[in-house]
>>> print(open('target_33.cif').read())   # mmCIF, C-alpha atoms and all ligand atoms
data_run
#
loop_
_atom_site.label_atom_id
_atom_site.label_comp_id
_atom_site.auth_asym_id
_atom_site.auth_seq_id
_atom_site.Cartn_x
_atom_site.Cartn_y
_atom_site.Cartn_z
CA MET A 1 126.68 153.66 135.18
CA MET A 2 123.28 152.13 134.54
CA GLN A 3 122.72 148.71 136.08
CA ARG A 4 123.40 146.07 133.40
CA GLU A 5 120.36 143.96 132.51
CA THR A 6 120.13 140.20 133.18
CA TRP A 7 117.73 137.34 132.43
CA ALA A 8 115.08 136.83 135.09
CA THR A 9 115.26 133.02 134.86
CA ARG A 10 117.51 130.29 133.51
CA ILE A 11 114.74 128.94 131.28
CA GLY A 12 114.28 132.48 129.98
CA PHE A 13 117.87 132.47 128.75
CA ILE A 14 117.51 129.01 127.19
CA LEU A 15 114.28 129.93 125.41
CA ALA A 16 115.72 133.20 124.14
CA ALA A 17 118.72 131.31 122.73
CA VAL A 18 116.45 128.67 121.19
CA GLY A 19 114.34 131.51 119.78
CA SER A 20 117.44 132.93 118.14
CA ALA A 21 118.52 129.56 116.77
CA VAL A 22 115.12 128.44 115.51
CA GLY A 23 114.19 130.68 112.62
CA LEU A 24 114.03 131.05 108.88
CA GLY A 25 117.20 128.95 108.88
CA ASN A 26 115.25 125.92 110.09
CA ILE A 27 112.00 126.30 108.20
CA TRP A 28 112.96 128.16 105.03
CA ARG A 29 116.68 127.54 104.47
CA PHE A 30 117.13 123.99 105.80
CA PRO A 31 114.56 122.27 103.51
CA PHE A 32 115.89 123.79 100.31
CA GLN A 33 119.52 123.30 101.30
CA THR A 34 118.69 119.64 101.98
CA ALA A 35 116.96 119.41 98.62
CA GLU A 36 119.83 121.03 96.73
CA ASN A 37 122.41 118.81 98.43
CA GLY A 38 121.00 115.36 97.99
CA GLY A 39 118.36 114.84 100.68
CA ALA A 40 118.91 112.49 103.62
CA ALA A 41 122.71 112.31 103.30
CA PHE A 42 122.78 116.09 103.86
CA LEU A 43 120.74 115.60 107.02
CA VAL A 44 123.33 113.11 108.30
CA VAL A 45 126.25 115.49 107.68
CA TYR A 46 124.25 118.35 109.21
CA ILE A 47 123.65 116.38 112.41
CA ILE A 48 127.33 115.36 112.65
CA ALA A 49 128.29 119.02 112.15
CA VAL A 50 125.98 120.11 114.97
CA LEU A 51 127.50 117.55 117.34
CA LEU A 52 131.15 117.89 116.42
CA ILE A 53 131.40 121.61 115.64
CA GLY A 54 128.18 123.34 116.67
CA ILE A 55 128.07 122.26 120.30
CA PRO A 56 131.75 122.98 121.12
CA ALA A 57 131.45 126.35 119.34
CA ILE A 58 128.25 127.41 121.10
CA LEU A 59 129.95 126.64 124.43
CA ALA A 60 132.89 128.79 123.34
CA GLU A 61 130.55 131.76 122.78
CA PHE A 62 128.79 131.12 126.11
CA VAL A 63 132.09 131.07 127.99
CA ILE A 64 133.23 134.36 126.42
CA GLY A 65 129.89 136.01 127.20
CA ARG A 66 129.38 134.79 130.74
CA ARG A 67 132.97 135.40 131.84
CA SER A 68 133.14 138.93 130.43
CA LYS A 69 129.55 140.03 131.18
CA GLN A 70 129.93 142.33 128.21
CA SER A 71 128.43 142.41 124.75
CA ALA A 72 130.14 141.47 121.48
CA ILE A 73 133.14 143.81 121.26
CA GLY A 74 133.59 144.89 124.87
CA ALA A 75 133.77 141.24 125.90
CA PHE A 76 137.29 140.98 124.49
CA ASP A 77 138.41 144.13 126.37
CA ALA A 78 136.87 142.85 129.58
CA LEU A 79 138.80 139.60 129.17
CA GLY A 80 142.02 141.61 128.79
CA ARG A 81 142.51 140.80 125.10
CA PRO A 82 141.63 144.00 123.22
CA ARG A 83 143.52 142.82 120.14
CA TRP A 84 140.74 140.26 119.65
CA ARG A 85 138.00 142.87 119.48
CA TRP A 86 137.79 142.25 115.75
CA VAL A 87 136.00 138.96 116.47
CA GLY A 88 133.18 140.87 118.18
CA ALA A 89 133.28 143.50 115.45
CA VAL A 90 132.67 140.80 112.82
CA GLY A 91 129.64 139.74 114.90
CA VAL A 92 128.25 143.26 115.10
CA LEU A 93 128.78 143.81 111.38
CA ALA A 94 127.20 140.42 110.62
CA GLY A 95 124.18 141.27 112.78
CA PHE A 96 123.65 144.49 110.87
CA TRP A 97 124.16 142.93 107.50
CA THR A 98 122.12 139.76 108.09
CA LEU A 99 119.10 141.43 109.67
CA SER A 100 118.80 143.74 106.65
CA TYR A 101 117.78 140.88 104.33
CA TYR A 102 116.43 138.49 106.97
CA SER A 103 113.79 141.13 107.63
CA VAL A 104 112.87 141.25 103.94
CA VAL A 105 112.09 137.51 104.03
CA GLY A 106 110.28 138.17 107.35
CA GLY A 107 108.19 140.75 105.45
CA TRP A 108 107.25 138.16 102.82
CA VAL A 109 106.14 135.88 105.63
CA VAL A 110 103.93 138.59 107.18
CA ARG A 111 102.45 139.15 103.74
CA TYR A 112 101.73 135.44 103.33
CA ALA A 113 100.15 135.14 106.78
CA ILE A 114 97.75 137.93 105.81
CA GLY A 115 97.36 136.46 102.31
CA SER A 116 96.32 133.14 103.88
CA VAL A 117 93.42 134.77 105.70
CA THR A 118 92.20 136.59 102.60
CA GLY A 119 92.99 133.63 100.32
CA ALA A 120 95.09 135.97 98.14
CA TYR A 121 97.75 133.47 97.04
CA LEU A 122 95.55 130.41 96.66
CA GLY A 123 94.73 130.99 92.99
CA ASP A 124 98.32 131.07 91.75
CA PRO A 125 101.08 131.02 94.40
CA GLY A 126 103.88 131.31 91.83
CA THR A 127 102.58 134.58 90.37
CA TYR A 128 101.77 135.88 93.84
CA PHE A 129 105.31 135.24 95.06
CA GLY A 130 106.74 136.98 91.99
CA ALA A 131 104.53 139.99 92.64
CA ILE A 132 105.17 140.45 96.36
CA SER A 133 108.80 139.36 96.76
CA ALA A 134 110.37 142.44 95.17
CA GLY A 135 109.49 146.10 94.75
CA PRO A 136 107.66 148.74 96.81
CA GLU A 137 105.37 146.26 98.59
CA ALA A 138 108.31 144.13 99.69
CA VAL A 139 109.90 147.32 101.07
CA ALA A 140 106.70 148.15 102.96
CA PHE A 141 106.45 144.71 104.59
CA HIS A 142 110.17 144.76 105.37
CA ALA A 143 109.38 147.97 107.27
CA VAL A 144 106.54 146.28 109.15
CA PHE A 145 108.77 143.37 110.18
CA MET A 146 111.54 145.74 111.34
CA LEU A 147 109.04 147.76 113.38
CA VAL A 148 107.90 144.70 115.34
CA THR A 149 111.53 143.64 115.88
CA ILE A 150 112.47 147.12 117.14
CA GLY A 151 109.42 147.15 119.41
CA ILE A 152 110.52 144.01 121.26
CA VAL A 153 114.21 144.93 121.55
CA ALA A 154 113.34 148.42 122.81
CA PHE A 155 111.62 146.85 125.82
CA GLY A 156 114.88 145.32 126.94
CA VAL A 157 116.26 141.95 127.90
CA GLU A 158 113.80 140.84 130.54
CA SER A 159 110.53 142.53 129.61
CA GLY A 160 111.13 142.45 125.86
CA ILE A 161 113.19 139.51 124.64
CA GLU A 162 112.63 137.10 127.54
CA MET A 163 108.89 137.67 127.73
CA ALA A 164 108.40 137.41 123.99
CA THR A 165 110.47 134.27 123.47
CA LYS A 166 108.84 132.49 126.42
CA LEU A 167 105.59 132.69 124.50
CA MET A 168 106.97 132.22 121.04
CA VAL A 169 109.21 129.15 121.37
CA PRO A 170 106.62 126.74 122.84
CA SER A 171 104.11 127.92 120.22
CA ILE A 172 106.55 127.23 117.40
CA ILE A 173 107.18 123.68 118.59
CA LEU A 174 103.51 122.84 119.14
CA LEU A 175 102.33 124.29 115.85
CA MET A 176 105.12 122.58 113.89
CA LEU A 177 104.20 119.26 115.49
CA GLY A 178 100.59 119.81 114.44
CA LEU A 179 101.63 120.59 110.86
CA ALA A 180 103.87 117.49 110.71
CA VAL A 181 100.90 115.34 111.74
CA TYR A 182 98.77 117.05 109.11
CA ALA A 183 101.40 116.39 106.40
CA PHE A 184 101.45 112.73 107.41
CA THR A 185 97.78 112.38 106.53
CA LEU A 186 98.24 113.54 102.92
CA SER A 187 98.09 110.93 100.21
CA GLY A 188 101.32 110.64 98.27
CA SER A 189 103.42 111.96 101.16
CA ALA A 190 105.38 108.69 101.63
CA ALA A 191 107.94 109.55 98.94
CA GLY A 192 108.79 112.69 100.92
CA TYR A 193 109.80 110.68 103.99
CA GLU A 194 111.80 108.32 101.84
CA TYR A 195 113.71 111.22 100.31
CA PHE A 196 114.30 113.03 103.59
CA LEU A 197 115.13 110.04 105.77
CA SER A 198 116.93 107.38 103.73
CA PRO A 199 120.42 108.57 102.83
CA ASP A 200 122.13 108.03 99.48
CA PHE A 201 125.80 108.02 100.52
CA ASP A 202 127.11 107.47 96.98
CA ALA A 203 125.77 110.88 95.99
CA LEU A 204 127.38 112.34 99.12
CA VAL A 205 130.78 110.89 98.29
CA ALA A 206 130.49 112.16 94.71
CA ASN A 207 129.69 115.73 95.80
CA PHE A 208 131.38 116.00 99.18
CA GLU A 209 133.26 119.23 98.39
CA SER A 210 130.00 121.11 98.02
CA VAL A 211 127.75 119.14 100.38
CA ILE A 212 130.04 119.27 103.41
CA PRO A 213 130.56 123.06 103.56
CA ALA A 214 126.85 123.56 102.86
CA ALA A 215 125.93 121.28 105.77
CA VAL A 216 128.48 122.82 108.15
CA GLY A 217 127.43 126.34 107.13
CA GLN A 218 123.78 125.44 107.68
CA ALA A 219 124.53 123.94 111.11
CA LEU A 220 126.44 127.05 112.24
CA PHE A 221 123.91 129.52 110.80
CA SER A 222 121.07 127.60 112.36
CA LEU A 223 122.70 127.74 115.80
CA SER A 224 123.23 131.52 115.35
CA LEU A 225 126.99 131.11 115.72
CA GLY A 226 129.62 133.58 114.54
CA TYR A 227 127.37 136.64 114.90
CA ALA A 228 128.15 137.15 118.60
CA VAL A 229 124.50 136.45 119.50
CA MET A 230 125.42 133.70 121.93
CA ILE A 231 128.20 135.86 123.42
CA THR A 232 125.70 138.66 123.96
CA TYR A 233 122.92 136.43 125.34
CA ALA A 234 125.32 134.60 127.70
CA SER A 235 126.59 137.96 128.97
CA TYR A 236 123.17 138.49 130.60
CA ILE A 237 123.46 135.31 132.73
CA ASP A 238 123.98 136.38 136.31
CA ARG A 239 124.44 133.02 138.02
CA ASP A 240 126.66 130.00 137.57
CA GLU A 241 124.55 127.43 135.84
CA ASN A 242 125.61 124.37 133.88
CA LEU A 243 126.38 125.80 130.45
CA GLY A 244 126.79 122.29 129.02
CA VAL A 245 123.19 121.43 129.80
CA ASP A 246 122.03 124.76 128.36
CA GLY A 247 124.07 124.34 125.17
CA LEU A 248 122.91 120.76 124.64
CA SER A 249 119.25 121.64 125.20
CA ILE A 250 119.51 124.50 122.71
CA ALA A 251 121.26 122.40 120.05
CA ILE A 252 118.86 119.48 120.44
CA THR A 253 115.75 121.64 120.29
CA ASN A 254 117.07 123.51 117.27
CA THR A 255 117.87 120.30 115.39
CA PHE A 256 114.51 118.86 116.35
CA VAL A 257 112.72 121.84 114.80
CA ALA A 258 114.80 121.58 111.61
CA VAL A 259 113.89 117.89 111.32
CA LEU A 260 110.25 118.76 112.00
CA ALA A 261 110.39 121.35 109.21
CA GLY A 262 111.64 118.61 106.89
CA LEU A 263 108.80 116.39 108.06
CA VAL A 264 106.36 119.14 107.14
CA VAL A 265 107.87 120.36 103.88
CA PHE A 266 108.99 117.14 102.12
CA PRO A 267 105.71 115.21 102.54
CA LEU A 268 103.86 118.33 101.33
CA LEU A 269 106.11 118.58 98.27
CA ALA A 270 105.83 114.83 97.65
CA ALA A 271 102.05 115.02 97.78
CA GLN A 272 102.34 117.62 94.99
CA GLY A 273 104.65 115.36 93.00
CA VAL A 274 107.28 118.11 92.56
CA ASP A 275 111.01 117.76 92.05
CA TYR A 276 112.60 118.80 95.37
CA GLY A 277 115.91 119.97 94.00
CA SER A 278 114.39 122.50 91.61
CA GLU A 279 112.58 124.53 94.24
CA GLY A 280 115.30 126.74 95.75
CA PRO A 281 114.47 129.63 98.09
CA GLY A 282 110.93 129.83 96.73
CA ALA A 283 109.99 126.34 98.02
CA ILE A 284 108.04 127.34 101.10
CA PHE A 285 106.50 130.34 99.33
CA VAL A 286 105.40 128.60 96.14
CA THR A 287 105.15 124.83 96.40
CA VAL A 288 103.97 124.59 99.99
CA PRO A 289 101.11 127.08 99.31
CA THR A 290 100.26 125.12 96.16
CA ALA A 291 99.74 122.11 98.38
CA PHE A 292 97.34 124.15 100.54
CA ALA A 293 95.45 125.34 97.47
CA ASP A 294 94.25 121.78 96.82
CA LEU A 295 92.30 121.80 100.07
CA PRO A 296 88.73 123.03 100.49
CA ASN A 297 88.87 126.82 100.65
CA LEU A 298 88.40 127.37 104.37
CA ALA A 299 90.82 124.60 105.35
CA ALA A 300 93.40 126.00 102.93
CA ARG A 301 93.17 129.42 104.56
CA ALA A 302 93.37 128.01 108.07
CA ILE A 303 96.34 125.68 107.47
CA GLY A 304 98.09 128.34 105.39
CA PHE A 305 97.71 130.86 108.19
CA VAL A 306 99.05 128.48 110.84
CA PHE A 307 102.04 127.62 108.67
CA PHE A 308 103.01 131.23 107.94
CA PHE A 309 102.25 132.35 111.46
CA VAL A 310 104.78 129.81 112.82
CA VAL A 311 107.35 130.92 110.29
CA PHE A 312 106.67 134.52 111.33
CA ILE A 313 107.26 133.98 115.06
CA ALA A 314 110.30 131.83 114.35
CA ALA A 315 111.75 134.59 112.15
CA LEU A 316 110.91 137.29 114.67
CA SER A 317 112.56 135.56 117.64
CA SER A 318 115.75 135.28 115.56
CA ALA A 319 115.56 138.83 114.23
CA ILE A 320 115.43 140.26 117.75
CA SER A 321 118.69 138.49 118.60
CA LEU A 322 120.40 140.07 115.60
CA LEU A 323 119.20 143.55 116.58
CA GLU A 324 120.17 142.87 120.21
CA VAL A 325 123.82 142.19 119.30
CA VAL A 326 124.15 145.63 117.76
CA THR A 327 121.99 147.41 120.34
CA SER A 328 123.72 145.93 123.37
CA HIS A 329 127.11 146.86 121.96
CA LEU A 330 126.13 150.53 121.89
CA VAL A 331 124.28 150.39 125.22
CA ASP A 332 127.32 148.84 126.92
CA SER A 333 129.86 151.09 125.25
CA TYR A 334 128.16 154.43 125.76
CA ASP A 335 125.96 153.73 128.77
CA VAL A 336 122.91 155.09 126.97
CA ASP A 337 119.19 154.33 127.02
CA ARG A 338 118.38 151.38 124.78
CA LYS A 339 115.10 152.68 123.31
CA PRO A 340 116.47 155.39 120.99
CA ILE A 341 119.39 153.12 120.13
CA ALA A 342 117.12 150.24 119.06
CA VAL A 343 115.00 152.62 116.98
CA GLY A 344 117.96 154.36 115.34
CA LEU A 345 119.73 151.10 114.49
CA GLY A 346 116.51 149.56 113.24
CA VAL A 347 116.03 152.45 110.82
CA ILE A 348 119.58 152.11 109.47
CA ILE A 349 119.13 148.35 109.03
CA PHE A 350 115.84 148.97 107.25
CA VAL A 351 117.60 151.26 104.76
CA LEU A 352 120.40 148.73 104.23
CA GLY A 353 117.74 146.12 103.37
CA ILE A 354 116.04 148.21 100.67
CA PRO A 355 118.14 146.75 97.78
CA SER A 356 117.25 143.20 98.92
CA ALA A 357 113.57 144.14 99.06
CA TRP A 358 113.81 145.75 95.63
CA ASP A 359 115.48 142.88 93.82
CA THR A 360 115.92 139.30 95.07
CA ALA A 361 119.33 139.12 93.36
CA TRP A 362 120.58 141.45 96.11
CA LEU A 363 118.95 139.34 98.80
CA THR A 364 120.70 136.22 97.51
CA TRP A 365 124.01 138.07 97.44
CA PHE A 366 123.58 139.43 100.98
CA ASP A 367 122.82 135.89 102.19
CA LEU A 368 125.88 134.55 100.38
CA VAL A 369 128.20 137.13 101.99
CA SER A 370 126.64 136.51 105.40
CA VAL A 371 126.82 132.70 105.40
CA ASN A 372 129.96 132.19 103.32
CA LEU A 373 132.12 135.02 104.65
CA LEU A 374 131.01 136.72 107.87
CA LEU A 375 129.80 133.54 109.58
CA PRO A 376 132.89 131.33 109.07
CA VAL A 377 135.25 134.24 109.86
CA GLY A 378 133.30 134.96 113.07
CA VAL A 379 133.20 131.32 114.18
CA PHE A 380 136.88 130.87 113.34
CA GLY A 381 137.75 133.88 115.52
CA VAL A 382 135.66 132.58 118.43
CA VAL A 383 137.17 129.09 118.23
CA VAL A 384 140.79 130.28 118.04
CA PHE A 385 140.16 132.78 120.82
CA ALA A 386 138.51 130.37 123.24
CA GLY A 387 140.78 127.44 122.37
CA TRP A 388 144.20 129.05 122.17
CA ILE A 389 143.99 132.48 123.81
CA LEU A 390 141.51 132.14 126.65
CA SER A 391 142.57 128.53 127.06
CA ALA A 392 142.75 127.58 130.77
CA ASP A 393 140.39 130.44 131.65
CA ALA A 394 137.91 128.95 129.19
CA THR A 395 137.93 125.52 130.83
CA ASP A 396 137.71 127.18 134.23
CA GLU A 397 134.64 129.14 133.12
CA LEU A 398 132.95 126.10 131.61
CA GLY A 399 133.39 124.21 134.88
CA ARG A 400 131.94 127.03 137.01
CA GLY A 401 128.69 125.97 138.59
CA ALA A 402 129.01 122.61 136.89
CA PRO A 403 131.20 120.10 138.72
CA SER A 404 130.10 117.40 136.28
CA LEU A 405 131.63 119.39 133.42
CA ARG A 406 135.09 119.69 134.95
CA GLY A 407 136.15 116.31 133.57
CA VAL A 408 134.81 117.09 130.11
CA ALA A 409 136.17 120.64 129.89
CA PRO A 410 139.73 119.62 128.84
CA VAL A 411 138.32 117.37 126.10
CA TRP A 412 136.21 120.29 124.92
CA LEU A 413 139.25 122.58 124.87
CA TRP A 414 141.27 120.01 122.98
CA SER A 415 138.50 119.58 120.41
CA LEU A 416 138.26 123.36 119.92
CA ARG A 417 142.01 123.56 119.32
CA THR A 418 142.07 120.73 116.81
CA ILE A 419 139.00 119.19 115.17
CA VAL A 420 136.70 122.18 115.43
CA LEU A 421 139.40 124.61 114.36
CA LEU A 422 140.35 122.54 111.32
CA ALA A 423 136.74 121.93 110.32
CA VAL A 424 135.90 125.63 110.55
CA LEU A 425 139.06 126.59 108.66
CA GLY A 426 138.23 124.07 105.93
CA THR A 427 134.68 125.41 105.71
CA LEU A 428 135.99 128.96 105.53
CA VAL A 429 138.32 128.15 102.64
CA LEU A 430 135.68 126.21 100.70
CA SER A 431 133.00 128.85 101.38
CA LEU A 432 135.18 131.70 100.17
CA GLY A 433 135.37 129.92 96.83
CA SER A 434 131.64 130.38 96.30
CA LEU A 435 131.58 134.16 96.90
CA THR A 436 130.59 136.25 93.92
CA ALA A 437 130.67 139.95 93.03
CA PRO A 438 127.58 142.04 93.92
CA PRO A 439 124.78 141.98 91.30
CA LEU A 440 125.39 145.57 90.14
N1 LIG B 501 119.66 130.95 113.56
C1 LIG B 501 118.76 131.74 112.78
C2 LIG B 501 117.96 130.85 111.87
O1 LIG B 501 118.22 129.66 111.79
O2 LIG B 501 117.06 131.37 111.22
C3 LIG B 501 119.44 132.78 111.97
C4 LIG B 501 120.41 133.57 112.74
C5 LIG B 501 119.97 134.37 113.78
C6 LIG B 501 121.73 133.49 112.43
C7 LIG B 501 120.87 135.06 114.52
C8 LIG B 501 122.62 134.19 113.15
C9 LIG B 501 122.19 134.95 114.18
F1 LIG B 501 123.07 135.60 114.86
#
>>> encode(input="target_33.cif", output="structure tokens", more="lines below")
Ligand code: PFF
Amino acid sequence: MMQRETWATRIGFILAAVGSAVGLGNIWRFPFQTAENGGAAFLVVYIIAVLLIGIPAILAEFVIGRRSKQSAIGAFDALGRPRWRWVGAVGVLAGFWTLSYYSVVGGWVVRYAIGSVTGAYLGDPGTYFGAISAGPEAVAFHAVFMLVTIGIVAFGVESGIEMATKLMVPSIILLMLGLAVYAFTLSGSAAGYEYFLSPDFDALVANFESVIPAAVGQALFSLSLGYAVMITYASYIDRDENLGVDGLSIAITNTFVAVLAGLVVFPLLAAQGVDYGSEGPGAIFVTVPTAFADLPNLAARAIGFVFFFVVFIAALSSAISLLEVVTSHLVDSYDVDRKPIAVGLGVIIFVLGIPSAWDTAWLTWFDLVSVNLLLPVGVFGVVVFAGWILSADATDELGRGAPSLRGVAPVWLWSLRTIVLLAVLGTLVLSLGSLTAPPL
């Protein structure tokens, strides 16, 4: 048996988990979901969902991972419940599936970072996006993004993922803060803050059956839950640390970056005078660059590059976690060297992503299946398993190394069994309703 890898430091684990959580979900998906679901009221529901469902659920994944010291599927065997392996299998499948299109969007971002330097999109961002988002060039940049992802995962937990995310996460936060300050200085940005920060609860009440599952789905996706990432990452913890502190730090940082993204994107859109709700997935690729195009040429290139560079590192630190779920499953199960595994899996995922790179209708459908089917099924499995099956072992594990958590652990277990379970079940049922057939 090869020695199983572990994180070198506690902060390394926290930053890797934050790196997974903070990604395209925060900067690309969150602003347009907010816009499509009524603005500030969506933000309120999103924050409640993080607190009430996200935090208990992330702790459930941590407990499964740290107690079993095994990756996604093997964790359930190691805990003596092989009949629950399907929960890990959903995670592995979701990792495969999600990375295939996530990497296509990552490829667009690489393209835009380069396009910022050359000024390529400044003339007409809309036409540029149409030209690069689908077809052979999108496939090529999808390949580039996958290659970088494979490169980091191949280096392993400590010298690949931990090293990379230690650099990436602080950079993301600093650069986003800088961009938010820049957005604040734009004339006409005030309406953006108004829209993002002052909730219209009447609209929420009128549309709650679509807004609530969208906000819960966004909260869970953003925390990387349901894909066994947090099980896998927690399985590399080799000491008893306070998982409550870790989980809270991760959830707070992740929410902070989502709010920062809103504080960058909405003022920028407001300064352009555009209608937020009509932007959809193209918002950060079309309207945000249009805002840059109004600046003097050199400033436009510089700000554009910083913006897309942050999105790129955020996307990359999430992509590596998706590839790690699948890689670590094979490394643990067959006791093999991770390098060829990471490369082989990366190539298969690249091929699976070709339809999404060829036609954005496929990308939208892959995202729909990921967020509306695989994610709620995965989270549901984790919550039932930790709450009802692992049960006393789960509270015991949460309290290990954390005397201050021992009093809270039963409340946590109770919430998993009731509120969290019902909320996730409700989300699952409502989400299934929005699934559609593939765009054949
Ligand atoms: N949390 C990531 C984001 O917000 O972009 C996306 C993600 C990564 C989801 C890893 C799930 C996952 F397992």
>>> closest_residue(input="target_33.cif", among="A:Val384, A:Ala392, A:Ala40, A:Val286", to="Gly130 in chain A", atoms="all atoms listed in the file")
A:Val286
>>> atom_distance(input="target_33.cif", atom1="CA of Pro403 in chain A", atom2="CA of Leu225 in chain A")
25.8 Å
>>> residues_around(input="target_33.cif", residues="Ala271 in chain A", least_positions_apart="4", cutoff="7 Å", atoms="all atoms listed in the file", output="PyMOL selection string")
chain A and resi 186-189+267
>>> residues_around(input="target_33.cif", residues="Ala342 in chain A", least_positions_apart="5", cutoff="6 Å", atoms="all atoms listed in the file", output="list in words")
Ile150, Ala154 and Thr327 of chain A
>>> atom_distance(input="target_33.cif", atom1="CA of Ile73 in chain A", atom2="CA of Gly95 in chain A")
12.6 Å
>>> closest_atom_pairs(input="target_33.cif", of="chain A", to="ligand LIG 501 (chain B)", cutoff="7 Å", atoms="only C-alpha atoms and all ligand atoms", output="Markdown table")
| residue | atom | partner | partner_atom | distance |
| --- | --- | --- | --- | --- |
| A:Ser20 | CA | B:LIG501 | C5 | 5.2 |
| A:Ala21 | CA | B:LIG501 | N1 | 3.7 |
| A:Val22 | CA | B:LIG501 | O1 | 5.0 |
| A:Gly23 | CA | B:LIG501 | O2 | 3.3 |
| A:Leu24 | CA | B:LIG501 | O2 | 3.8 |
| A:Gly25 | CA | B:LIG501 | O1 | 3.2 |
| A:Asn26 | CA | B:LIG501 | O1 | 5.1 |
| A:Gly95 | CA | B:LIG501 | F1 | 6.1 |
| A:Phe221 | CA | B:LIG501 | C6 | 4.8 |
| A:Ser222 | CA | B:LIG501 | O1 | 3.6 |
| A:Leu223 | CA | B:LIG501 | N1 | 5.0 |
| A:Ser224 | CA | B:LIG501 | C8 | 3.5 |
| A:Leu225 | CA | B:LIG501 | C8 | 5.9 |
| A:Gly226 | CA | B:LIG501 | F1 | 6.9 |
| A:Tyr227 | CA | B:LIG501 | F1 | 4.4 |
| A:Ala228 | CA | B:LIG501 | F1 | 6.5 |
| A:Val229 | CA | B:LIG501 | F1 | 4.9 |
| A:Ala315 | CA | B:LIG501 | O2 | 6.3 |
| A:Ser318 | CA | B:LIG501 | C5 | 4.7 |
| A:Ala319 | CA | B:LIG501 | C5 | 6.3 |
| A:Ser321 | CA | B:LIG501 | C7 | 5.8 |
| A:Leu322 | CA | B:LIG501 | C7 | 5.1 |
